[in-house]
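The file final_33.txt contains compact mmCIF, C-alpha atoms:
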```txt
# COMPACT_ATOMS: atom_id res chain seq x y z
CA MET E 1 58.58 -35.10 -122.12
CA SER E 2 62.08 -36.49 -122.30
CA THR E 3 62.96 -35.53 -118.75
CA THR E 4 61.29 -38.71 -117.55
CA ASP E 5 64.07 -40.57 -119.34
CA GLN E 6 66.81 -38.98 -117.25
CA PRO E 7 65.57 -38.49 -113.68
CA LYS E 8 69.00 -37.80 -112.25
CA ALA E 9 70.39 -35.64 -115.05
CA GLY E 10 70.91 -31.97 -114.28
CA LYS E 11 72.56 -29.33 -116.44
CA ARG E 12 76.01 -30.62 -117.16
CA ARG E 13 77.38 -28.33 -119.81
CA GLY E 14 80.73 -29.26 -121.27
CA ARG E 15 80.41 -32.86 -120.25
CA ARG E 16 79.40 -35.46 -122.77
CA PRO E 17 76.21 -37.11 -121.54
CA ALA E 18 75.91 -40.87 -121.62
CA GLY E 19 73.18 -43.42 -122.26
CA GLN E 20 69.66 -42.05 -121.83
CA ASP E 21 71.18 -38.61 -121.30
CA THR E 22 72.61 -38.73 -124.80
CA ARG E 23 69.27 -39.79 -126.21
CA ALA E 24 67.44 -36.98 -124.40
CA ALA E 25 70.05 -34.42 -125.46
CA LEU E 26 69.72 -35.51 -129.08
CA LEU E 27 65.92 -35.25 -128.93
CA ALA E 28 66.11 -31.70 -127.56
CA ALA E 29 68.76 -30.69 -130.10
CA ALA E 30 66.74 -32.24 -132.94
CA ARG E 31 63.57 -30.37 -131.93
CA ALA E 32 65.50 -27.10 -132.02
CA GLU E 33 67.24 -27.82 -135.33
CA PHE E 34 64.13 -29.08 -137.13
CA SER E 35 62.18 -26.10 -135.84
CA GLU E 36 64.81 -23.62 -137.01
CA ASN E 37 65.85 -25.22 -140.29
CA GLY E 38 63.08 -27.59 -141.36
CA TYR E 39 63.53 -31.24 -142.17
CA GLU E 40 65.87 -30.83 -145.12
CA GLY E 41 67.92 -28.03 -143.60
CA ALA E 42 68.63 -29.81 -140.33
CA THR E 43 71.66 -32.10 -140.54
CA VAL E 44 72.60 -35.04 -138.33
CA ARG E 45 75.99 -33.38 -137.83
CA ALA E 46 74.45 -30.09 -136.62
CA ILE E 47 72.04 -31.90 -134.30
CA ALA E 48 74.83 -33.97 -132.77
CA ALA E 49 77.06 -30.91 -132.36
CA ARG E 50 74.24 -29.04 -130.64
CA ALA E 51 73.78 -31.97 -128.26
CA GLY E 52 77.52 -32.13 -127.63
CA VAL E 53 77.84 -35.71 -128.82
CA ASP E 54 79.37 -37.55 -131.76
CA ALA E 55 77.21 -37.80 -134.90
CA ALA E 56 77.46 -41.59 -134.69
CA MET E 57 75.23 -41.41 -131.61
CA VAL E 58 72.30 -40.42 -133.86
CA ASN E 59 72.52 -43.69 -135.72
CA HIS E 60 73.14 -45.57 -132.49
CA TRP E 61 70.05 -44.23 -130.74
CA PHE E 62 67.67 -43.53 -133.62
CA GLY E 63 68.94 -45.30 -136.70
CA GLY E 64 68.94 -42.06 -138.68
CA LYS E 65 67.47 -38.63 -139.29
CA GLU E 66 63.99 -39.87 -140.21
CA THR E 67 63.33 -41.65 -136.93
CA LEU E 68 64.95 -38.84 -134.99
CA PHE E 69 62.57 -36.45 -136.71
CA ALA E 70 59.57 -38.61 -135.91
CA GLN E 71 60.47 -39.04 -132.27
CA SER E 72 61.65 -35.48 -131.61
CA VAL E 73 59.04 -33.49 -133.54
CA LEU E 74 56.10 -35.79 -132.92
CA GLN E 75 57.22 -35.85 -129.28
CA LEU E 76 55.08 -38.74 -128.22
CA PRO E 77 56.12 -39.71 -124.70
CA PHE E 78 55.95 -43.40 -125.53
CA ASP E 79 57.60 -45.78 -127.89
CA PRO E 80 55.23 -46.57 -130.81
CA GLN E 81 55.05 -50.18 -129.74
CA ASP E 82 54.02 -49.14 -126.23
CA ILE E 83 51.25 -47.01 -127.70
CA VAL E 84 50.03 -49.90 -129.80
CA HIS E 85 50.15 -52.24 -126.84
CA THR E 86 48.19 -49.82 -124.65
CA LEU E 87 45.64 -49.05 -127.33
CA LEU E 88 45.02 -52.72 -128.00
CA GLU E 89 44.34 -53.46 -124.33
CA GLY E 90 40.61 -53.45 -123.84
CA ASP E 91 37.50 -53.85 -125.92
CA ARG E 92 37.88 -53.72 -129.69
CA ASP E 93 34.61 -51.74 -129.87
CA THR E 94 36.12 -48.88 -127.87
CA LEU E 95 39.42 -48.74 -129.75
CA GLY E 96 38.37 -45.56 -131.56
CA ALA E 97 37.69 -43.85 -128.24
CA ARG E 98 41.07 -44.88 -126.84
CA ILE E 99 42.88 -43.58 -129.92
CA ILE E 100 41.25 -40.13 -129.97
CA ARG E 101 41.59 -39.80 -126.19
CA ARG E 102 45.28 -40.66 -126.36
CA PHE E 103 45.84 -38.38 -129.38
CA VAL E 104 44.22 -35.32 -127.81
CA THR E 105 45.74 -35.93 -124.38
CA VAL E 106 49.26 -36.33 -125.74
CA TRP E 107 49.14 -33.27 -128.00
CA ASP E 108 47.31 -31.08 -125.49
CA SER E 109 50.02 -31.78 -122.93
CA ALA E 110 52.80 -31.04 -125.43
CA SER E 111 53.82 -27.50 -126.16
CA GLY E 112 51.31 -25.92 -128.53
CA GLN E 113 54.15 -25.42 -130.98
CA THR E 114 54.94 -29.05 -131.71
CA PHE E 115 52.01 -29.94 -133.94
CA PRO E 116 52.36 -26.75 -136.05
CA ALA E 117 56.10 -27.50 -136.41
CA LEU E 118 55.20 -30.96 -137.68
CA ILE E 119 52.75 -29.53 -140.20
CA ARG E 120 55.27 -26.95 -141.41
CA SER E 121 57.76 -29.71 -142.06
CA LEU E 122 55.08 -31.81 -143.71
CA ALA E 123 53.97 -29.02 -146.04
CA ASN E 124 57.51 -28.11 -147.03
CA HIS E 125 59.34 -31.42 -147.31
CA ASP E 126 58.41 -34.73 -148.89
CA LYS E 127 60.77 -36.54 -146.51
CA ALA E 128 58.80 -35.27 -143.54
CA ALA E 129 55.71 -36.90 -145.02
CA ALA E 130 57.66 -40.15 -145.27
CA ALA E 131 58.77 -39.83 -141.65
CA LEU E 132 55.21 -39.18 -140.48
CA ARG E 133 53.90 -42.08 -142.54
CA ASP E 134 56.52 -44.39 -141.05
CA PHE E 135 55.67 -43.27 -137.55
CA LEU E 136 51.90 -42.88 -137.61
CA ILE E 137 50.87 -45.37 -140.28
CA GLU E 138 53.49 -48.09 -140.29
CA ASN E 139 54.44 -48.12 -136.61
CA ILE E 140 51.04 -47.53 -135.08
CA LEU E 141 47.99 -47.80 -137.34
CA ASP E 142 49.17 -50.68 -139.54
CA THR E 143 50.08 -52.68 -136.45
CA ILE E 144 46.63 -52.07 -135.00
CA MET E 145 45.03 -53.09 -138.30
CA THR E 146 47.00 -56.32 -138.38
CA ARG E 147 46.04 -57.19 -134.82
CA ILE E 148 42.33 -56.55 -135.37
CA GLU E 149 42.49 -58.32 -138.76
CA ALA E 150 40.60 -55.59 -140.59
CA ASP E 151 39.79 -55.79 -144.29
CA HIS E 152 41.23 -52.96 -146.39
CA PRO E 153 43.76 -52.27 -143.61
CA GLN E 154 45.70 -49.57 -145.44
CA LEU E 155 42.63 -47.62 -146.50
CA ARG E 156 41.33 -47.84 -142.92
CA ALA E 157 44.70 -46.71 -141.56
CA THR E 158 44.86 -43.69 -143.86
CA LEU E 159 41.23 -42.76 -143.11
CA CYS E 160 42.05 -42.80 -139.38
CA ALA E 161 45.14 -40.72 -140.12
CA SER E 162 43.02 -38.19 -142.03
CA GLN E 163 40.69 -37.63 -139.08
CA LEU E 164 43.52 -37.47 -136.54
CA ILE E 165 45.64 -35.09 -138.63
CA GLY E 166 42.53 -32.99 -139.33
CA ILE E 167 41.79 -32.73 -135.60
CA GLY E 168 45.40 -31.68 -135.09
CA MET E 169 45.11 -29.05 -137.83
CA VAL E 170 41.91 -27.51 -136.49
CA ARG E 171 42.81 -27.77 -132.80
CA TYR E 172 46.51 -26.81 -132.85
CA VAL E 173 47.28 -25.08 -136.17
CA ALA E 174 44.22 -23.23 -137.48
CA ARG E 175 42.70 -23.12 -133.96
CA PHE E 176 39.10 -22.97 -135.11
CA GLU E 177 36.76 -22.53 -132.15
CA PRO E 178 35.02 -24.18 -130.43
CA LEU E 179 36.90 -27.34 -131.43
CA ALA E 180 40.25 -25.81 -130.44
CA SER E 181 39.11 -25.43 -126.83
CA SER E 182 36.72 -28.36 -126.46
CA ASP E 183 37.52 -30.61 -123.52
CA VAL E 184 38.81 -34.12 -124.02
CA GLU E 185 35.47 -35.82 -123.27
CA THR E 186 33.67 -33.72 -125.88
CA MET E 187 36.35 -34.63 -128.42
CA VAL E 188 36.10 -38.33 -127.55
CA ALA E 189 32.28 -38.33 -127.79
CA ALA E 190 32.33 -36.53 -131.12
CA VAL E 191 35.24 -38.25 -132.87
CA ALA E 192 35.42 -41.79 -131.43
CA PRO E 193 32.51 -43.09 -133.59
CA THR E 194 34.29 -41.79 -136.70
CA LEU E 195 37.51 -43.63 -135.87
CA GLN E 196 35.62 -46.76 -134.78
CA ARG E 197 33.84 -46.96 -138.12
CA TYR E 198 37.11 -46.42 -139.99
CA LEU E 199 38.70 -49.19 -137.89
CA THR E 200 36.03 -51.87 -137.81
CA GLY E 201 32.88 -50.57 -139.52
CA ASP E 202 31.36 -50.68 -142.97
CA LEU E 203 33.22 -48.42 -145.40
CA GLY E 204 30.63 -48.77 -148.16
CA SER E 205 31.58 -49.62 -151.73
CA ILE E 206 35.34 -49.61 -152.13
CA SER E 207 36.30 -49.55 -155.77
CA SER E 208 39.96 -50.25 -156.07
CA ASN E 209 41.74 -50.64 -152.77
CA MET H 1 40.89 -22.31 -163.32
CA SER H 2 40.57 -18.61 -163.92
CA THR H 3 40.93 -18.89 -167.70
CA THR H 4 37.22 -19.68 -167.90
CA ASP H 5 36.61 -16.13 -166.74
CA GLN H 6 38.37 -14.60 -169.72
CA PRO H 7 37.71 -16.74 -172.77
CA LYS H 8 38.87 -14.10 -175.24
CA ALA H 9 41.91 -12.90 -173.30
CA GLY H 10 45.27 -13.80 -174.73
CA LYS H 11 48.66 -12.59 -173.58
CA ARG H 12 48.43 -8.82 -173.67
CA ARG H 13 51.51 -7.59 -171.89
CA GLY H 14 51.74 -3.86 -171.40
CA ARG H 15 48.04 -3.35 -171.75
CA ARG H 16 45.93 -2.85 -168.68
CA PRO H 17 43.19 -5.51 -168.64
CA ALA H 18 39.62 -4.56 -167.81
CA GLY H 19 36.69 -6.10 -165.98
CA GLN H 20 36.88 -9.86 -165.59
CA ASP H 21 40.35 -9.72 -167.13
CA THR H 22 41.49 -7.58 -164.21
CA ARG H 23 39.96 -10.00 -161.74
CA ALA H 24 41.62 -13.00 -163.41
CA ALA H 25 44.96 -11.19 -163.63
CA LEU H 26 44.78 -10.34 -159.92
CA LEU H 27 43.98 -13.95 -159.01
CA ALA H 28 46.96 -15.24 -161.00
CA ALA H 29 49.26 -12.56 -159.55
CA ALA H 30 48.02 -13.29 -156.02
CA ARG H 31 48.65 -17.03 -156.38
CA ALA H 32 52.22 -16.31 -157.46
CA GLU H 33 52.86 -13.74 -154.72
CA PHE H 34 51.34 -15.80 -151.90
CA SER H 35 53.26 -18.84 -153.09
CA GLU H 36 56.57 -16.97 -153.20
CA ASN H 37 56.20 -14.77 -150.12
CA GLY H 38 53.55 -16.32 -147.89
CA TYR H 39 50.47 -14.55 -146.59
CA GLU H 40 52.26 -11.87 -144.56
CA GLY H 41 55.00 -11.24 -147.10
CA ALA H 42 52.67 -10.75 -150.05
CA THR H 43 51.41 -7.17 -150.33
CA VAL H 44 48.37 -5.82 -152.14
CA ARG H 45 50.68 -3.36 -153.89
CA ALA H 46 53.01 -6.11 -155.18
CA ILE H 47 50.08 -8.25 -156.33
CA ALA H 48 48.53 -5.34 -158.21
CA ALA H 49 51.87 -4.39 -159.77
CA ARG H 50 52.39 -7.96 -160.93
CA ALA H 51 48.93 -7.94 -162.49
CA GLY H 52 49.63 -4.60 -164.12
CA VAL H 53 46.69 -2.85 -162.47
CA ASP H 54 46.16 -0.22 -159.81
CA ALA H 55 46.17 -1.42 -156.19
CA ALA H 56 42.64 -0.02 -155.77
CA MET H 57 41.42 -2.81 -158.06
CA VAL H 58 42.14 -5.33 -155.29
CA ASN H 59 39.63 -3.65 -153.03
CA HIS H 60 37.22 -3.18 -155.89
CA TRP H 61 37.19 -6.85 -156.89
CA PHE H 62 37.95 -8.63 -153.63
CA GLY H 63 37.45 -6.22 -150.77
CA GLY H 64 40.97 -6.84 -149.50
CA LYS H 65 43.93 -9.17 -149.13
CA GLU H 66 42.09 -11.76 -147.02
CA THR H 67 39.40 -12.51 -149.57
CA LEU H 68 41.94 -12.36 -152.38
CA PHE H 69 43.98 -14.95 -150.50
CA ALA H 70 40.96 -17.18 -149.98
CA GLN H 71 39.84 -17.00 -153.60
CA SER H 72 43.28 -17.23 -155.20
CA VAL H 73 44.90 -19.87 -153.00
CA LEU H 74 41.80 -21.92 -152.27
CA GLN H 75 41.02 -21.63 -155.99
CA LEU H 76 37.47 -22.86 -155.73
CA PRO H 77 35.84 -22.36 -159.11
CA PHE H 78 32.63 -21.12 -157.48
CA ASP H 79 31.55 -18.32 -155.28
CA PRO H 80 31.02 -19.56 -151.70
CA GLN H 81 27.34 -18.73 -151.89
CA ASP H 82 26.99 -20.77 -155.05
CA ILE H 83 28.61 -23.72 -153.28
CA VAL H 84 26.22 -23.40 -150.37
CA HIS H 85 23.26 -23.12 -152.67
CA THR H 86 24.30 -26.22 -154.64
CA LEU H 87 25.09 -28.23 -151.52
CA LEU H 88 21.75 -27.40 -149.95
CA GLU H 89 19.83 -28.55 -153.03
CA GLY H 90 18.65 -32.09 -152.39
CA ASP H 91 18.04 -34.36 -149.45
CA ARG H 92 19.35 -33.26 -146.06
CA ASP H 93 20.35 -36.87 -145.37
CA THR H 94 22.80 -36.89 -148.28
CA LEU H 95 24.38 -33.51 -147.51
CA GLY H 96 27.54 -35.17 -146.17
CA ALA H 97 27.95 -37.09 -149.44
CA ARG H 98 27.50 -33.92 -151.52
CA ILE H 99 30.08 -32.06 -149.44
CA ILE H 100 32.83 -34.72 -149.66
CA ARG H 101 32.11 -35.31 -153.35
CA ARG H 102 32.39 -31.61 -154.08
CA PHE H 103 35.49 -31.22 -151.91
CA VAL H 104 37.41 -34.08 -153.55
CA THR H 105 36.26 -33.20 -157.07
CA VAL H 106 37.25 -29.55 -156.74
CA TRP H 107 40.68 -30.21 -155.24
CA ASP H 108 41.45 -33.17 -157.51
CA SER H 109 40.80 -31.00 -160.54
CA ALA H 110 42.96 -28.18 -159.18
CA SER H 111 46.69 -28.24 -159.57
CA GLY H 112 48.19 -30.60 -156.98
CA GLN H 113 50.12 -27.64 -155.61
CA THR H 114 47.22 -25.53 -154.38
CA PHE H 115 46.25 -27.46 -151.26
CA PRO H 116 49.88 -27.76 -150.06
CA ALA H 117 50.31 -24.01 -150.66
CA LEU H 118 47.27 -23.38 -148.49
CA ILE H 119 48.64 -25.58 -145.72
CA ARG H 120 52.05 -23.89 -145.88
CA SER H 121 50.37 -20.53 -145.43
CA LEU H 122 48.20 -21.92 -142.66
CA ALA H 123 51.16 -23.38 -140.75
CA ASN H 124 53.23 -20.23 -141.08
CA HIS H 125 50.77 -17.36 -140.65
CA ASP H 126 47.94 -16.77 -138.21
CA LYS H 127 46.20 -14.51 -140.73
CA ALA H 128 46.00 -17.37 -143.19
CA ALA H 129 44.10 -19.35 -140.57
CA ALA H 130 41.71 -16.42 -140.23
CA ALA H 131 41.25 -16.27 -144.00
CA LEU H 132 40.57 -19.99 -144.18
CA ARG H 133 38.15 -19.79 -141.26
CA ASP H 134 36.30 -16.94 -142.94
CA PHE H 135 36.08 -18.84 -146.17
CA LEU H 136 35.45 -22.42 -145.09
CA ILE H 137 33.66 -21.94 -141.78
CA GLU H 138 31.86 -18.61 -141.98
CA ASN H 139 31.02 -18.51 -145.67
CA ILE H 140 30.20 -22.15 -146.21
CA LEU H 141 29.78 -24.38 -143.16
CA ASP H 142 28.11 -21.85 -140.85
CA THR H 143 25.63 -21.00 -143.58
CA ILE H 144 24.82 -24.67 -144.04
CA MET H 145 24.42 -25.09 -140.28
CA THR H 146 22.02 -22.17 -140.11
CA ARG H 147 19.93 -23.51 -142.96
CA ILE H 148 19.64 -27.00 -141.47
CA GLU H 149 19.06 -25.53 -138.00
CA ALA H 150 21.59 -27.80 -136.31
CA ASP H 151 22.24 -27.71 -132.58
CA HIS H 152 25.85 -26.90 -131.63
CA PRO H 153 26.36 -25.41 -135.11
CA GLN H 154 29.90 -24.16 -134.54
CA LEU H 155 31.17 -27.42 -133.07
CA ARG H 156 29.56 -29.28 -135.98
CA ALA H 157 31.12 -26.86 -138.47
CA THR H 158 34.61 -27.26 -137.01
CA LEU H 159 34.25 -31.05 -136.84
CA CYS H 160 33.34 -31.08 -140.55
CA ALA H 161 36.31 -28.81 -141.20
CA SER H 162 38.61 -31.19 -139.33
CA GLN H 163 37.62 -34.15 -141.54
CA LEU H 164 37.80 -32.13 -144.76
CA ILE H 165 41.16 -30.57 -143.93
CA GLY H 166 42.44 -33.97 -142.81
CA ILE H 167 41.40 -35.53 -146.12
CA GLY H 168 43.19 -32.69 -147.88
CA MET H 169 46.32 -33.26 -145.79
CA VAL H 170 46.46 -37.01 -146.42
CA ARG H 171 45.39 -36.88 -150.09
CA TYR H 172 47.29 -33.81 -151.32
CA VAL H 173 50.06 -32.97 -148.82
CA ALA H 174 51.30 -36.14 -147.08
CA ARG H 175 49.96 -38.30 -149.95
CA PHE H 176 49.46 -41.42 -147.86
CA GLU H 177 48.36 -44.34 -150.02
CA PRO H 178 45.85 -45.74 -150.76
CA LEU H 179 43.76 -42.73 -149.71
CA ALA H 180 45.80 -40.38 -151.94
CA SER H 181 44.79 -42.31 -155.07
CA SER H 182 41.35 -43.59 -154.08
CA ASP H 183 38.64 -42.73 -156.59
CA VAL H 184 35.92 -40.24 -155.75
CA GLU H 185 33.24 -42.87 -155.12
CA THR H 186 35.44 -44.69 -152.59
CA MET H 187 36.07 -41.41 -150.81
CA VAL H 188 32.37 -40.56 -150.77
CA ALA H 189 31.38 -44.00 -149.43
CA ALA H 190 34.03 -43.87 -146.72
CA VAL H 191 33.75 -40.25 -145.58
CA ALA H 192 30.13 -39.19 -146.22
CA PRO H 193 28.78 -40.96 -143.08
CA THR H 194 31.37 -39.11 -140.98
CA LEU H 195 30.32 -35.71 -142.32
CA GLN H 196 26.63 -36.61 -142.12
CA ARG H 197 26.94 -37.47 -138.44
CA TYR H 198 28.87 -34.25 -137.76
CA LEU H 199 26.15 -32.30 -139.60
CA THR H 200 22.94 -33.86 -138.33
CA GLY H 201 23.75 -36.82 -136.08
CA ASP H 202 24.26 -37.48 -132.40
CA LEU H 203 27.55 -36.01 -131.15
CA GLY H 204 27.33 -37.68 -127.74
CA SER H 205 27.88 -35.78 -124.52
CA ILE H 206 29.03 -32.24 -125.25
CA SER H 207 30.41 -30.60 -122.16
CA SER H 208 30.83 -26.95 -122.84
CA ASN H 209 30.00 -25.89 -126.37
```
Could you render the structure as structure tokens?
Amino acid sequence: MSTTDQPKAGKRRGRRPAGQDTRAALLAAARAEFSENGYEGATVRAIAARAGVDAAMVNHWFGGKETLFAQSVLQLPFDPQDIVHTLLEGDRDTLGARIIRRFVTVWDSASGQTFPALIRSLANHDKAAAALRDFLIENILDTIMTRIEADHPQLRATLCASQLIGIGMVRYVARFEPLASSDVETMVAAVAPTLQRYLTGDLGSISSN
Amino acid sequence: MSTTDQPKAGKRRGRRPAGQDTRAALLAAARAEFSENGYEGATVRAIAARAGVDAAMVNHWFGGKETLFAQSVLQLPFDPQDIVHTLLEGDRDTLGARIIRRFVTVWDSASGQTFPALIRSLANHDKAAAALRDFLIENILDTIMTRIEADHPQLRATLCASQLIGIGMVRYVARFEPLASSDVETMVAAVAPTLQRYLTGDLGSISSN
């Protein structure tokens, strides 16, 4: 994933990387530390040391541990705002299809270990849930909701999150067949109408949200 | 949960319980052991010792560790076959509503720790995924699919599982609001059409399942 950020960077052990190299090195170090020690156990200091850079670089590039967690463990190859921009290009009625297609494509192409690592962190640490909420809900889904001017935007966002996280659980963690091996088009055909209704459809009688 | 199985049983340390008392004691011991040591780490011997009964009682009452895991950690207050029977009573067109209502009601009334414990086991141990698949897919959803004679029954079952597990993740593990606090009727109105389509509706173009 991150290698696209540093096309000319080779292995340069013992030399402090600069710029995008630093960012990529921190992402790789963070993935390793979070995987080994969980969200709470991994420290900014240990991640920076592993990357061979000063701990201040974490704040410089990511603002803190939470965003570093979101970007390293979630491993999306785009900035959240790029994802939102791309998803919002095109017909509003096919937004659900674009979201599930992007979700499955991104996670399928990632190592099969990244989604389970995310879920482990989520199940074990409240702060991981906060990081995921910031990334998935606040950065992506809430922005989409605002742009499409949906009613009940937060309920719609969390309903979308439930279906996406559930697909991730069944496809990458529990690996229930045949969903775990279904091709992208089957997933899009099956799941897009669910997301589309959560985004723009009738949610029935909503009591209190 | 299990106290309803042993209305007359008080604390009787040092005395070996009998019958339903043994079953309830094993369920409580299993919950504690699985919670402390995970699926792989918990042994039938340790669970039985904690319950103060012979290890053979585990096989007698549950057939083995997998079923004991499913019944103790999932903590559903019904036998799977009772759930299926209840869910299949009534109109086929409202099956999705009955499933989400039952799912949310059961897990809401359980301790808030039981679903996260399940997910922790699932994320950490392949055998936990097998236990969950046996319980949720084979015992419940596959049976429903057979009774309603759905096409693509396994894809439909795993799609239903994805939405149910995703609701569990957002409501009980990540606790994203407002979905985490939405009342049962809001959940039913929002999610029932999703499950109903996965059960009996058009799934679009299915490539290979």
Take CA of Pro153 (chain E) and CA of Ser207 (chain E) and report the distance between them in Å, one decimal. 14.5 Å
Report the distance between CA of Gly64 (chain E) and CA of His85 (chain E) in Å, rounded to one decimal place. 24.4 Å
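Taking CA of Gly168 (chain E) as the reference point, CA of Phe115 (chain E) is found at 6.9 Å.
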Sorted by chain and rising residue number, which residues of chain H lie within 9 Å of chain E, and what are their closest atom pairs and distances in Å to one decimal, counting only C-alpha atoms, as JSON lines?
```
{"residue": "H:Pro116", "atom": "CA", "partner": "E:Ala123", "partner_atom": "CA", "distance": 5.9}
{"residue": "H:Ala117", "atom": "CA", "partner": "E:Ala123", "partner_atom": "CA", "distance": 7.7}
{"residue": "H:Ile119", "atom": "CA", "partner": "E:Ala123", "partner_atom": "CA", "distance": 6.4}
{"residue": "H:Arg120", "atom": "CA", "partner": "E:Ala123", "partner_atom": "CA", "distance": 5.5}
{"residue": "H:Leu122", "atom": "CA", "partner": "E:Ala174", "partner_atom": "CA", "distance": 6.7}
{"residue": "H:Ala123", "atom": "CA", "partner": "E:Arg120", "partner_atom": "CA", "distance": 5.5}
{"residue": "H:Asn124", "atom": "CA", "partner": "E:Arg120", "partner_atom": "CA", "distance": 7.0}
{"residue": "H:Asp126", "atom": "CA", "partner": "E:Ala174", "partner_atom": "CA", "distance": 7.5}
{"residue": "H:Ala128", "atom": "CA", "partner": "E:Ala174", "partner_atom": "CA", "distance": 8.4}
{"residue": "H:Ala129", "atom": "CA", "partner": "E:Ala174", "partner_atom": "CA", "distance": 5.0}
{"residue": "H:Ala130", "atom": "CA", "partner": "E:Ala174", "partner_atom": "CA", "distance": 7.8}
{"residue": "H:Leu132", "atom": "CA", "partner": "E:Ala174", "partner_atom": "CA", "distance": 8.3}
{"residue": "H:Arg133", "atom": "CA", "partner": "E:Phe176", "partner_atom": "CA", "distance": 7.0}
{"residue": "H:Ile137", "atom": "CA", "partner": "E:Phe176", "partner_atom": "CA", "distance": 8.7}
{"residue": "H:Gln154", "atom": "CA", "partner": "E:Pro178", "partner_atom": "CA", "distance": 6.6}
{"residue": "H:Leu155", "atom": "CA", "partner": "E:Pro178", "partner_atom": "CA", "distance": 5.7}
{"residue": "H:Arg156", "atom": "CA", "partner": "E:Leu179", "partner_atom": "CA", "distance": 8.9}
{"residue": "H:Thr158", "atom": "CA", "partner": "E:Leu179", "partner_atom": "CA", "distance": 6.0}
{"residue": "H:Leu159", "atom": "CA", "partner": "E:Leu179", "partner_atom": "CA", "distance": 7.1}
{"residue": "H:Ala161", "atom": "CA", "partner": "E:Val170", "partner_atom": "CA", "distance": 7.4}
{"residue": "H:Ser162", "atom": "CA", "partner": "E:Gly166", "partner_atom": "CA", "distance": 4.3}
{"residue": "H:Gln163", "atom": "CA", "partner": "E:Gln163", "partner_atom": "CA", "distance": 5.3}
{"residue": "H:Leu164", "atom": "CA", "partner": "E:Gly166", "partner_atom": "CA", "distance": 7.3}
{"residue": "H:Ile165", "atom": "CA", "partner": "E:Gly166", "partner_atom": "CA", "distance": 5.4}
{"residue": "H:Gly166", "atom": "CA", "partner": "E:Gly166", "partner_atom": "CA", "distance": 3.6}
{"residue": "H:Ile167", "atom": "CA", "partner": "E:Ser162", "partner_atom": "CA", "distance": 5.1}
{"residue": "H:Gly168", "atom": "CA", "partner": "E:Ser162", "partner_atom": "CA", "distance": 8.0}
{"residue": "H:Met169", "atom": "CA", "partner": "E:Ser162", "partner_atom": "CA", "distance": 7.0}
{"residue": "H:Val170", "atom": "CA", "partner": "E:Ser162", "partner_atom": "CA", "distance": 5.7}
{"residue": "H:Arg171", "atom": "CA", "partner": "E:Ser162", "partner_atom": "CA", "distance": 8.5}
{"residue": "H:Val173", "atom": "CA", "partner": "E:Ala123", "partner_atom": "CA", "distance": 6.2}
{"residue": "H:Ala174", "atom": "CA", "partner": "E:Ala129", "partner_atom": "CA", "distance": 4.9}
{"residue": "H:Arg175", "atom": "CA", "partner": "E:Ala129", "partner_atom": "CA", "distance": 7.7}
{"residue": "H:Phe176", "atom": "CA", "partner": "E:Thr158", "partner_atom": "CA", "distance": 6.5}
{"residue": "H:Glu177", "atom": "CA", "partner": "E:Thr158", "partner_atom": "CA", "distance": 7.1}
{"residue": "H:Pro178", "atom": "CA", "partner": "E:Leu155", "partner_atom": "CA", "distance": 5.7}
{"residue": "H:Leu179", "atom": "CA", "partner": "E:Leu155", "partner_atom": "CA", "distance": 6.0}
{"residue": "H:Ala180", "atom": "CA", "partner": "E:Thr158", "partner_atom": "CA", "distance": 8.8}
{"residue": "H:Ser182", "atom": "CA", "partner": "E:Ser208", "partner_atom": "CA", "distance": 7.1}
{"residue": "H:Asp183", "atom": "CA", "partner": "E:Ser207", "partner_atom": "CA", "distance": 7.3}
{"residue": "H:Glu185", "atom": "CA", "partner": "E:Ser207", "partner_atom": "CA", "distance": 7.4}
{"residue": "H:Thr186", "atom": "CA", "partner": "E:Ile206", "partner_atom": "CA", "distance": 4.9}
{"residue": "H:Met187", "atom": "CA", "partner": "E:Ile206", "partner_atom": "CA", "distance": 8.3}
{"residue": "H:Val188", "atom": "CA", "partner": "E:Gly204", "partner_atom": "CA", "distance": 8.8}
{"residue": "H:Ala189", "atom": "CA", "partner": "E:Gly204", "partner_atom": "CA", "distance": 5.0}
{"residue": "H:Ala190", "atom": "CA", "partner": "E:Leu203", "partner_atom": "CA", "distance": 4.8}
{"residue": "H:Val191", "atom": "CA", "partner": "E:Leu203", "partner_atom": "CA", "distance": 8.2}
{"residue": "H:Pro193", "atom": "CA", "partner": "E:Thr194", "partner_atom": "CA", "distance": 8.5}
{"residue": "H:Thr194", "atom": "CA", "partner": "E:Thr194", "partner_atom": "CA", "distance": 5.8}
{"residue": "H:Arg197", "atom": "CA", "partner": "E:Thr194", "partner_atom": "CA", "distance": 8.7}
{"residue": "H:Tyr198", "atom": "CA", "partner": "E:Ala190", "partner_atom": "CA", "distance": 7.8}
{"residue": "H:Asp202", "atom": "CA", "partner": "E:Ala190", "partner_atom": "CA", "distance": 8.2}
{"residue": "H:Leu203", "atom": "CA", "partner": "E:Ala190", "partner_atom": "CA", "distance": 4.8}
{"residue": "H:Gly204", "atom": "CA", "partner": "E:Ala189", "partner_atom": "CA", "distance": 5.0}
{"residue": "H:Ser205", "atom": "CA", "partner": "E:Ala189", "partner_atom": "CA", "distance": 6.0}
{"residue": "H:Ile206", "atom": "CA", "partner": "E:Thr186", "partner_atom": "CA", "distance": 4.9}
{"residue": "H:Ser207", "atom": "CA", "partner": "E:Thr186", "partner_atom": "CA", "distance": 5.8}
{"residue": "H:Ser208", "atom": "CA", "partner": "E:Ser182", "partner_atom": "CA", "distance": 7.1}
{"residue": "H:Asn209", "atom": "CA", "partner": "E:Pro178", "partner_atom": "CA", "distance": 6.7}
```
